[in-house]
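Structure data follow from data.cif (mmCIF, C-alpha atoms):
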data_final
#
loop_
_atom_site.label_atom_id
_atom_site.label_comp_id
_atom_site.auth_asym_id
_atom_site.auth_seq_id
_atom_site.Cartn_x
_atom_site.Cartn_y
_atom_site.Cartn_z
CA MET O 1 19.88 -21.04 5.96
CA ASN O 2 17.19 -22.63 3.82
CA THR O 3 18.45 -24.42 0.73
CA TYR O 4 16.86 -25.54 -2.50
CA ASP O 5 17.63 -28.57 -4.62
CA PHE O 6 19.08 -27.40 -7.92
CA GLY O 7 20.78 -30.71 -8.63
CA GLY O 8 20.77 -31.38 -12.36
CA ARG O 9 19.74 -27.79 -13.16
CA VAL O 10 21.70 -25.32 -15.28
CA ALA O 11 21.53 -21.61 -14.42
CA LEU O 12 22.79 -18.46 -16.12
CA VAL O 13 23.27 -15.27 -14.11
CA THR O 14 23.96 -12.04 -15.98
CA GLY O 15 26.05 -9.55 -14.06
CA GLY O 16 27.11 -12.50 -11.93
CA ALA O 17 30.65 -11.34 -11.23
CA SER O 18 29.67 -8.94 -8.46
CA GLY O 19 26.89 -7.73 -6.19
CA ILE O 20 23.50 -9.43 -6.18
CA GLY O 21 24.52 -11.53 -9.16
CA ALA O 22 27.61 -12.91 -7.45
CA ALA O 23 25.66 -13.74 -4.28
CA THR O 24 23.08 -15.54 -6.41
CA VAL O 25 25.76 -17.51 -8.24
CA GLU O 26 27.23 -18.67 -4.95
CA LEU O 27 23.88 -19.75 -3.54
CA LEU O 28 22.75 -21.58 -6.67
CA ARG O 29 26.11 -23.34 -6.87
CA THR O 30 25.92 -24.32 -3.21
CA CYS O 31 22.44 -25.74 -3.87
CA GLY O 32 23.75 -28.01 -6.62
CA ALA O 33 23.23 -26.08 -9.86
CA GLN O 34 25.73 -25.85 -12.66
CA VAL O 35 26.13 -22.10 -13.01
CA ALA O 36 27.32 -19.81 -15.77
CA VAL O 37 28.00 -16.08 -15.56
CA LEU O 38 27.58 -13.61 -18.39
CA ASP O 39 29.44 -10.40 -17.61
CA LEU O 40 31.72 -7.82 -19.20
CA ASN O 41 34.30 -8.39 -16.48
CA LEU O 42 34.84 -11.92 -15.22
CA ASP O 43 37.34 -11.04 -12.48
CA GLY O 44 36.49 -12.94 -9.34
CA VAL O 45 34.34 -15.61 -11.00
CA ARG O 46 35.04 -18.98 -9.39
CA GLU O 47 36.83 -21.72 -11.32
CA ASP O 48 33.86 -24.06 -10.90
CA VAL O 49 31.57 -21.50 -12.58
CA LEU O 50 31.48 -21.09 -16.36
CA GLY O 51 32.44 -17.53 -17.16
CA VAL O 52 31.27 -16.08 -20.47
CA GLN O 53 32.44 -12.59 -21.34
CA GLY O 54 29.82 -10.61 -23.20
CA ASP O 55 27.76 -7.45 -23.45
CA VAL O 56 24.04 -7.85 -22.71
CA THR O 57 23.29 -4.74 -24.77
CA ARG O 58 24.22 -6.68 -27.91
CA SER O 59 21.65 -9.32 -28.77
CA SER O 60 24.13 -11.24 -30.91
CA GLU O 61 26.47 -11.61 -27.92
CA VAL O 62 23.59 -12.70 -25.70
CA ASP O 63 22.54 -15.37 -28.20
CA ALA O 64 26.12 -16.59 -28.58
CA ALA O 65 26.61 -16.74 -24.81
CA ILE O 66 23.49 -18.82 -24.28
CA THR O 67 24.51 -21.16 -27.07
CA GLN O 68 27.89 -21.60 -25.38
CA VAL O 69 26.33 -22.24 -21.96
CA GLU O 70 24.03 -24.93 -23.36
CA SER O 71 26.88 -26.50 -25.32
CA ASP O 72 29.13 -26.66 -22.25
CA LEU O 73 26.64 -27.35 -19.45
CA GLY O 74 23.38 -28.56 -20.98
CA ASN O 75 19.89 -27.19 -21.40
CA LEU O 76 19.31 -23.93 -19.55
CA ASP O 77 16.72 -24.18 -16.76
CA VAL O 78 17.19 -20.90 -14.90
CA LEU O 79 17.94 -17.34 -16.01
CA VAL O 80 18.65 -14.55 -13.53
CA CYS O 81 19.02 -11.11 -15.12
CA SER O 82 21.11 -9.13 -12.66
CA ALA O 83 23.27 -7.06 -15.02
CA GLY O 84 22.56 -3.39 -14.47
CA VAL O 85 23.90 0.12 -14.06
CA GLY O 86 22.80 2.86 -11.70
CA GLY O 87 23.44 5.75 -14.02
CA GLU O 88 24.63 9.20 -13.07
CA SER O 89 22.86 11.06 -10.25
CA LEU O 90 21.50 14.00 -12.23
CA PRO O 91 18.31 16.06 -12.44
CA ALA O 92 16.25 14.89 -15.40
CA ILE O 93 16.84 18.17 -17.24
CA ASP O 94 20.61 17.56 -17.13
CA VAL O 95 20.64 13.94 -18.32
CA PRO O 96 22.44 13.76 -21.70
CA ASP O 97 20.92 11.70 -24.49
CA GLU O 98 23.88 9.31 -24.36
CA GLU O 99 23.44 8.66 -20.63
CA TRP O 100 19.72 7.98 -21.02
CA ARG O 101 20.39 5.49 -23.81
CA ARG O 102 23.28 3.85 -21.92
CA VAL O 103 21.17 3.11 -18.85
CA PHE O 104 18.27 1.79 -20.91
CA ALA O 105 20.60 -0.29 -23.07
CA VAL O 106 21.89 -2.25 -20.07
CA ASN O 107 18.90 -2.33 -17.73
CA CYS O 108 16.05 -2.66 -20.21
CA ASP O 109 17.40 -3.84 -23.57
CA GLY O 110 19.83 -6.30 -21.96
CA THR O 111 17.11 -7.86 -19.84
CA PHE O 112 14.81 -8.16 -22.83
CA PHE O 113 17.45 -9.73 -25.08
CA CYS O 114 18.23 -12.35 -22.43
CA ASN O 115 14.56 -13.11 -21.73
CA ARG O 116 13.75 -13.42 -25.42
CA ALA O 117 16.66 -15.75 -26.09
CA VAL O 118 15.96 -18.17 -23.25
CA VAL O 119 12.17 -18.22 -23.67
CA ARG O 120 12.73 -19.46 -27.22
CA ARG O 121 14.60 -22.42 -25.73
CA MET O 122 12.64 -23.03 -22.53
CA VAL O 123 9.09 -23.08 -23.89
CA PRO O 124 9.59 -26.02 -26.28
CA ARG O 125 11.14 -27.99 -23.41
CA GLY O 126 8.25 -27.23 -21.05
CA TYR O 127 10.27 -25.90 -18.13
CA GLY O 128 12.07 -22.75 -17.05
CA ARG O 129 12.44 -20.11 -14.36
CA ILE O 130 13.34 -16.50 -15.16
CA VAL O 131 14.02 -13.92 -12.46
CA ASN O 132 14.60 -10.32 -13.52
CA VAL O 133 16.17 -7.87 -11.09
CA ALA O 134 14.16 -4.64 -11.17
CA SER O 135 14.18 -2.04 -8.37
CA ILE O 136 12.00 -0.16 -5.94
CA ALA O 137 12.86 2.84 -8.12
CA GLY O 138 10.82 1.21 -10.87
CA LYS O 139 7.75 1.32 -8.61
CA GLU O 140 8.18 4.71 -6.95
CA GLY O 141 10.67 6.68 -9.04
CA ASN O 142 13.72 8.15 -7.35
CA PRO O 143 14.67 11.79 -7.87
CA MET O 144 18.05 12.30 -9.58
CA ALA O 145 17.53 8.91 -11.25
CA ALA O 146 15.04 9.35 -14.08
CA ALA O 147 16.81 6.97 -16.46
CA TYR O 148 17.35 4.30 -13.82
CA SER O 149 13.80 4.54 -12.47
CA ALA O 150 12.25 4.42 -15.94
CA SER O 151 14.43 1.51 -17.06
CA LYS O 152 13.52 -0.54 -14.00
CA ALA O 153 9.82 0.26 -14.45
CA ALA O 154 10.27 -1.14 -17.95
CA VAL O 155 11.72 -4.34 -16.50
CA ILE O 156 8.64 -4.74 -14.29
CA GLY O 157 6.28 -4.18 -17.21
CA MET O 158 8.29 -6.50 -19.43
CA THR O 159 8.19 -9.23 -16.80
CA LYS O 160 4.41 -8.96 -16.46
CA SER O 161 3.96 -9.16 -20.22
CA ILE O 162 6.30 -12.08 -20.90
CA GLY O 163 5.07 -13.95 -17.83
CA LYS O 164 1.51 -13.83 -19.13
CA GLU O 165 2.54 -14.76 -22.67
CA VAL O 166 4.19 -18.01 -21.57
CA ALA O 167 1.78 -18.90 -18.76
CA GLY O 168 0.88 -22.56 -18.92
CA THR O 169 4.04 -23.60 -20.77
CA GLY O 170 6.00 -24.58 -17.66
CA VAL O 171 8.08 -21.40 -17.86
CA LEU O 172 7.56 -18.89 -15.05
CA VAL O 173 8.81 -15.31 -15.30
CA ASN O 174 8.98 -13.05 -12.25
CA CYS O 175 10.98 -10.09 -11.02
CA ILE O 176 12.11 -8.57 -7.75
CA ALA O 177 12.19 -4.96 -6.59
CA PRO O 178 15.05 -4.42 -4.12
CA ALA O 179 15.57 -1.19 -2.26
CA VAL O 180 19.16 0.00 -1.81
CA ILE O 181 21.48 -3.02 -1.52
CA ASP O 182 25.12 -2.87 -0.44
CA THR O 183 26.74 -3.61 -3.82
CA PRO O 184 29.36 -1.94 -6.05
CA ILE O 185 26.58 -0.15 -7.93
CA LEU O 186 26.38 2.28 -4.99
CA GLY O 187 29.73 3.63 -6.14
CA GLN O 188 27.91 5.09 -9.14
CA LEU O 189 25.56 7.13 -6.94
CA SER O 190 25.98 10.30 -4.92
CA ASP O 191 25.84 10.26 -1.10
CA GLU O 192 22.70 12.39 -1.34
CA HIS O 193 21.04 9.81 -3.58
CA ILE O 194 21.97 6.93 -1.26
CA GLY O 195 20.82 8.86 1.81
CA TYR O 196 17.46 9.57 0.19
CA MET O 197 16.90 5.86 -0.33
CA ILE O 198 17.97 4.67 3.12
CA GLU O 199 15.85 7.31 4.89
CA ARG O 200 12.76 5.73 3.34
CA ILE O 201 13.47 2.19 4.52
CA PRO O 202 11.63 1.33 7.77
CA LEU O 203 14.33 -1.21 8.66
CA ASN O 204 16.77 1.73 8.41
CA ARG O 205 19.62 -0.03 6.62
CA THR O 206 20.80 -1.22 3.26
CA GLY O 207 20.03 -4.77 2.26
CA LYS O 208 22.67 -7.44 1.80
CA PRO O 209 23.25 -9.21 -1.52
CA GLU O 210 22.87 -12.56 0.24
CA GLU O 211 19.38 -11.59 1.42
CA VAL O 212 18.32 -10.81 -2.12
CA ALA O 213 19.89 -14.00 -3.44
CA ARG O 214 17.69 -16.08 -1.13
CA LEU O 215 14.54 -14.61 -2.65
CA ILE O 216 15.91 -15.14 -6.15
CA ALA O 217 16.72 -18.76 -5.34
CA TYR O 218 13.15 -19.42 -4.25
CA LEU O 219 11.73 -17.82 -7.39
CA ALA O 220 14.18 -19.86 -9.50
CA SER O 221 13.30 -23.14 -7.81
CA GLU O 222 10.74 -25.84 -8.50
CA ASP O 223 9.15 -24.95 -5.15
CA MET O 224 7.82 -21.76 -6.75
CA SER O 225 4.99 -23.03 -8.93
CA PHE O 226 2.04 -20.63 -8.79
CA SER O 227 3.35 -17.19 -9.69
CA THR O 228 4.24 -15.62 -13.01
CA GLY O 229 4.44 -12.04 -14.19
CA ALA O 230 4.77 -10.86 -10.60
CA CYS O 231 7.06 -8.37 -8.88
CA PHE O 232 8.28 -9.36 -5.41
CA ASP O 233 9.25 -6.70 -2.88
CA ILE O 234 12.52 -6.87 -0.96
CA SER O 235 12.86 -3.34 0.27
CA GLY O 236 13.05 -3.42 4.06
CA GLY O 237 9.45 -2.27 4.25
CA ARG O 238 9.75 0.71 1.93
CA ALA O 239 7.13 -0.68 -0.42
CA VAL O 240 4.97 -3.69 0.24
CA TYR O 241 2.69 -3.71 -2.80
#

Serialized structure, C-alpha cells:
Amino acid sequence: MNTYDFGGRVALVTGGASGIGAATVELLRTCGAQVAVLDLNLDGVREDVLGVQGDVTRSSEVDAAITQVESDLGNLDVLVCSAGVGGESLPAIDVPDEEWRRVFAVNCDGTFFCNRAVVRRMVPRGYGRIVNVASIAGKEGNPMAAAYSASKAAVIGMTKSIGKEVAGTGVLVNCIAPAVIDTPILGQLSDEHIGYMIERIPLNRTGKPEEVARLIAYLASEDMSFSTGACFDISGGRAVY
C-alpha cells in the first residue's frame, strides 16, 4: 500500500467514527498525522485519536470543536468532511419537510460550517488541505433519494466555489464522488435502492472504505499540489467525468 508522510500534520475527520471516515482516520494516523474525530457518537474511536463529540449541523459546536482540536493538537492542516446521512428511500413526492431539512442540515450545512471555520484559520497560515465527501448521486441523481442527491450536488458546487475563492493561498479544496461504498450508511437505504446503485457500476461491486480513504489521503497530502475546486470520481467506473 502506498503511504504518505503526514508527520507533523494535524487532521480533523468529521464522521470519523465509522465508515469512510474511520478508514481515513486509520490511514492518516498510520501515515504519521495527529488525528481528531468530530462525531455525534465516538464509540470505537481509538485511544490515540482525539475524539470530540459534536453536531456538525450546529455551527457553534463546529467552531468549538475546531478550537479544541487546535488547543490540544496544534494548528489544523487537514480537514476531511465525511459526516453524512443517506436519508430515507422515498419518492420525492413523499419526502416530508423535516426529512428534507434533516438531510441537508448534515450533508450540506455541516460541510459548509466545517469548511468555513477551517478556511478562516488555514488561509492566514498559508497552508491547508480540505477534502469533502460528496457522492455519485450528486452528479447523476438517484431515484428515491432526492434529498441526498441534491445535498451532495450542493457539496460539489460548494467545493468548486470555495476552492476558487482560496486559490493561491496555499489552501486546496477538493471533493470526491464515491459510488455505493460498504459502510453503515447502507443500513439507511432500501435493498431496491442499493441494487439500483450496484447495477450501474461496471466493476459490479460495492467499494471498500479503505479504497476511498487512499484517494482522500492523496488529496490531503502535500503531494497533491495542482488541483483545487475539483471533484474526483471513485465509482467503479459508473461515472468518469

O:Ala137, O:Ile201, O:Ala17, O:Val119: which is nearest O:Glu165, counting all atoms listed in the file?
-> O:Val119

Separating atom CA of O:Pro96 from atom CA of O:Cys108, to the nearest tenth of an Å, is a gap of 17.7 Å

Of the listed residues O:Ala11, O:Val171, O:Leu50, O:Ala65, that which approaches O:Met122 most closely, counting only C-alpha atoms =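 Of the candidates, the smallest distance to O:Met122 is held by O:Val171.
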
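Here the PyMOL selection byres ((chain O and resi 13) around 7) catches exactly these residues: O:Ala11, O:Leu12, O:Thr14, O:Gly15, O:Gly16, O:Gly21, O:Val25, O:Ala36, O:Val37, O:Leu38, O:Leu79, O:Val80, O:Cys81, O:Ser82.
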
Taking the file above as input, evaluate the PyMOL selection byres ((chain O and resi 208) around 6) and report the hits as a PyMOL selection string.
-> chain O and resi 181-182+207+209-211

Gap from atom CA of O:Thr159 to atom CA of O:Leu186 - Å, one decimal = 24.6 Å

So which residues touch O:Val103 within 9 Å, counting only C-alpha atoms, skipping near sequence neighbours fewer than 2 positions away, as a ChimeraX atom specification?
-> /O:84-87,98-101,105-108,147-148,151

Which residues, protein or nucleic acid, reach to within 9 Å of (11.5, -22.9, -8.7) in the file's coordinates when using all atoms listed in the file, and can you give that as an mmCIF file with C-alpha atoms, in the coordinates of the input?
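Saved the output as result-v5.cif:
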data_model
loop_
_atom_site.group_PDB
_atom_site.id
_atom_site.type_symbol
_atom_site.label_atom_id
_atom_site.label_comp_id
_atom_site.auth_asym_id
_atom_site.auth_seq_id
_atom_site.Cartn_x
_atom_site.Cartn_y
_atom_site.Cartn_z
ATOM 1 C CA TYR O 4 16.860 -25.540 -2.500
ATOM 2 C CA PHE O 6 19.080 -27.400 -7.920
ATOM 3 C CA VAL O 78 17.190 -20.900 -14.900
ATOM 4 C CA GLY O 128 12.070 -22.750 -17.050
ATOM 5 C CA ARG O 129 12.440 -20.110 -14.360
ATOM 6 C CA LEU O 172 7.560 -18.890 -15.050
ATOM 7 C CA ALA O 217 16.720 -18.760 -5.340
ATOM 8 C CA TYR O 218 13.150 -19.420 -4.250
ATOM 9 C CA LEU O 219 11.730 -17.820 -7.390
ATOM 10 C CA ALA O 220 14.180 -19.860 -9.500
ATOM 11 C CA SER O 221 13.300 -23.140 -7.810
ATOM 12 C CA GLU O 222 10.740 -25.840 -8.500
ATOM 13 C CA ASP O 223 9.150 -24.950 -5.150
ATOM 14 C CA MET O 224 7.820 -21.760 -6.750
ATOM 15 C CA SER O 225 4.990 -23.030 -8.930
#

Minimum-distance residue to O:Ser135, chosen among O:Val180, O:Phe104, O:Glu199, O:Leu40 (using all atoms listed in the file) |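 Going through O:Val180, O:Phe104, O:Glu199, O:Leu40 one by one, the smallest distance to O:Ser135 is for O:Val180.
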
Tell me, in Å to one decimal, how far atom CA of O:Arg120 is from atom CA of O:Glu70.
->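 For atom CA of O:Arg120 relative to atom CA of O:Glu70, the distance reads 13.1 Å.
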
Show me that you can extract stretch 59-95 of chain O, keeping N, CA, C and O atoms, and write it as a compact mmCIF listing (two decimals), in the first residue's frame.
# COMPACT_ATOMS: atom_id res chain seq x y z
N SER O 59 -23.29 25.30 13.93
CA SER O 59 -22.02 25.98 13.65
C SER O 59 -21.25 26.30 14.92
O SER O 59 -20.02 26.28 14.92
N SER O 60 -21.96 26.58 16.01
CA SER O 60 -21.27 26.88 17.26
C SER O 60 -20.50 25.67 17.77
O SER O 60 -19.39 25.80 18.32
N GLU O 61 -21.06 24.46 17.59
CA GLU O 61 -20.37 23.25 18.01
C GLU O 61 -19.18 22.95 17.11
O GLU O 61 -18.15 22.45 17.56
N VAL O 62 -19.32 23.24 15.83
CA VAL O 62 -18.21 23.07 14.89
C VAL O 62 -17.05 23.98 15.29
O VAL O 62 -15.89 23.55 15.38
N ASP O 63 -17.35 25.25 15.52
CA ASP O 63 -16.31 26.21 15.90
C ASP O 63 -15.63 25.80 17.21
O ASP O 63 -14.40 25.88 17.33
N ALA O 64 -16.42 25.35 18.17
CA ALA O 64 -15.85 24.94 19.45
C ALA O 64 -14.97 23.70 19.29
O ALA O 64 -13.91 23.59 19.92
N ALA O 65 -15.40 22.77 18.44
CA ALA O 65 -14.62 21.56 18.22
C ALA O 65 -13.27 21.87 17.59
O ALA O 65 -12.24 21.33 18.00
N ILE O 66 -13.26 22.75 16.61
CA ILE O 66 -12.01 23.10 15.94
C ILE O 66 -11.09 23.85 16.90
O ILE O 66 -9.87 23.62 16.90
N THR O 67 -11.65 24.69 17.72
CA THR O 67 -10.84 25.37 18.74
C THR O 67 -10.21 24.36 19.68
O THR O 67 -9.03 24.48 20.04
N GLN O 68 -10.98 23.34 20.08
CA GLN O 68 -10.44 22.31 20.97
C GLN O 68 -9.33 21.52 20.29
O GLN O 68 -8.30 21.23 20.90
N VAL O 69 -9.54 21.14 19.03
CA VAL O 69 -8.54 20.37 18.30
C VAL O 69 -7.23 21.15 18.22
O VAL O 69 -6.14 20.61 18.49
N GLU O 70 -7.31 22.43 17.89
CA GLU O 70 -6.09 23.22 17.76
C GLU O 70 -5.43 23.46 19.12
O GLU O 70 -4.20 23.54 19.21
N SER O 71 -6.23 23.55 20.16
CA SER O 71 -5.66 23.71 21.50
C SER O 71 -4.93 22.46 21.95
O SER O 71 -3.85 22.54 22.55
N ASP O 72 -5.50 21.28 21.62
CA ASP O 72 -4.92 20.02 22.08
C ASP O 72 -3.81 19.49 21.18
O ASP O 72 -2.85 18.89 21.66
N LEU O 73 -3.94 19.71 19.86
CA LEU O 73 -3.01 19.08 18.92
C LEU O 73 -2.14 20.06 18.14
O LEU O 73 -1.09 19.67 17.63
N GLY O 74 -2.58 21.29 18.00
CA GLY O 74 -1.84 22.26 17.20
C GLY O 74 -2.64 22.71 15.99
O GLY O 74 -3.79 22.31 15.79
N ASN O 75 -2.02 23.56 15.19
CA ASN O 75 -2.71 24.13 14.03
C ASN O 75 -3.23 23.04 13.10
O ASN O 75 -2.52 22.09 12.78
N LEU O 76 -4.46 23.24 12.63
CA LEU O 76 -5.10 22.24 11.77
C LEU O 76 -4.60 22.39 10.34
O LEU O 76 -4.68 23.47 9.74
N ASP O 77 -4.12 21.29 9.78
CA ASP O 77 -3.60 21.27 8.41
C ASP O 77 -4.55 20.61 7.42
O ASP O 77 -4.54 20.95 6.23
N VAL O 78 -5.33 19.65 7.90
CA VAL O 78 -6.17 18.84 7.02
C VAL O 78 -7.58 18.74 7.60
O VAL O 78 -7.75 18.46 8.79
N LEU O 79 -8.57 18.95 6.76
CA LEU O 79 -9.97 18.70 7.12
C LEU O 79 -10.56 17.72 6.13
O LEU O 79 -10.47 17.93 4.91
N VAL O 80 -11.17 16.66 6.63
CA VAL O 80 -11.93 15.73 5.80
C VAL O 80 -13.37 15.73 6.31
O VAL O 80 -13.63 15.37 7.45
N CYS O 81 -14.29 16.16 5.46
CA CYS O 81 -15.70 16.21 5.83
C CYS O 81 -16.40 14.95 5.34
O CYS O 81 -16.80 14.85 4.18
N SER O 82 -16.54 13.99 6.25
CA SER O 82 -17.13 12.70 5.92
C SER O 82 -18.46 12.47 6.60
O SER O 82 -19.15 11.49 6.31
N ALA O 83 -18.85 13.35 7.52
CA ALA O 83 -20.13 13.19 8.21
C ALA O 83 -21.27 13.30 7.20
O ALA O 83 -21.30 14.24 6.40
N GLY O 84 -22.18 12.35 7.25
CA GLY O 84 -23.29 12.39 6.30
C GLY O 84 -24.37 11.39 6.65
O GLY O 84 -24.15 10.45 7.41
N VAL O 85 -25.55 11.61 6.08
CA VAL O 85 -26.67 10.68 6.24
C VAL O 85 -27.23 10.37 4.86
O VAL O 85 -27.18 11.20 3.94
N GLY O 86 -27.77 9.16 4.72
CA GLY O 86 -28.34 8.74 3.45
C GLY O 86 -29.75 9.22 3.23
O GLY O 86 -30.20 9.40 2.10
N GLY O 87 -30.47 9.42 4.32
CA GLY O 87 -31.87 9.80 4.19
C GLY O 87 -32.75 8.61 3.90
O GLY O 87 -32.29 7.52 3.57
N GLU O 88 -34.04 8.81 4.03
CA GLU O 88 -35.00 7.74 3.77
C GLU O 88 -35.17 7.52 2.27
O GLU O 88 -35.13 8.46 1.49
N SER O 89 -35.35 6.26 1.88
CA SER O 89 -35.59 5.93 0.48
C SER O 89 -37.06 6.15 0.16
O SER O 89 -37.91 5.28 0.42
N LEU O 90 -37.36 7.33 -0.38
CA LEU O 90 -38.75 7.71 -0.64
C LEU O 90 -38.86 8.41 -1.99
O LEU O 90 -37.93 9.12 -2.40
N PRO O 91 -40.00 8.26 -2.68
CA PRO O 91 -40.24 9.12 -3.84
C PRO O 91 -40.25 10.58 -3.40
O PRO O 91 -40.65 10.90 -2.28
N ALA O 92 -39.83 11.46 -4.28
CA ALA O 92 -39.74 12.88 -3.92
C ALA O 92 -41.06 13.42 -3.39
O ALA O 92 -41.08 14.22 -2.46
N ILE O 93 -42.18 12.96 -3.96
CA ILE O 93 -43.48 13.49 -3.54
C ILE O 93 -43.85 13.07 -2.13
O ILE O 93 -44.76 13.66 -1.53
N ASP O 94 -43.15 12.08 -1.58
CA ASP O 94 -43.46 11.59 -0.23
C ASP O 94 -42.45 12.04 0.82
O ASP O 94 -42.54 11.65 1.98
N VAL O 95 -41.46 12.83 0.42
CA VAL O 95 -40.44 13.27 1.38
C VAL O 95 -41.01 14.39 2.26
O VAL O 95 -41.37 15.45 1.76
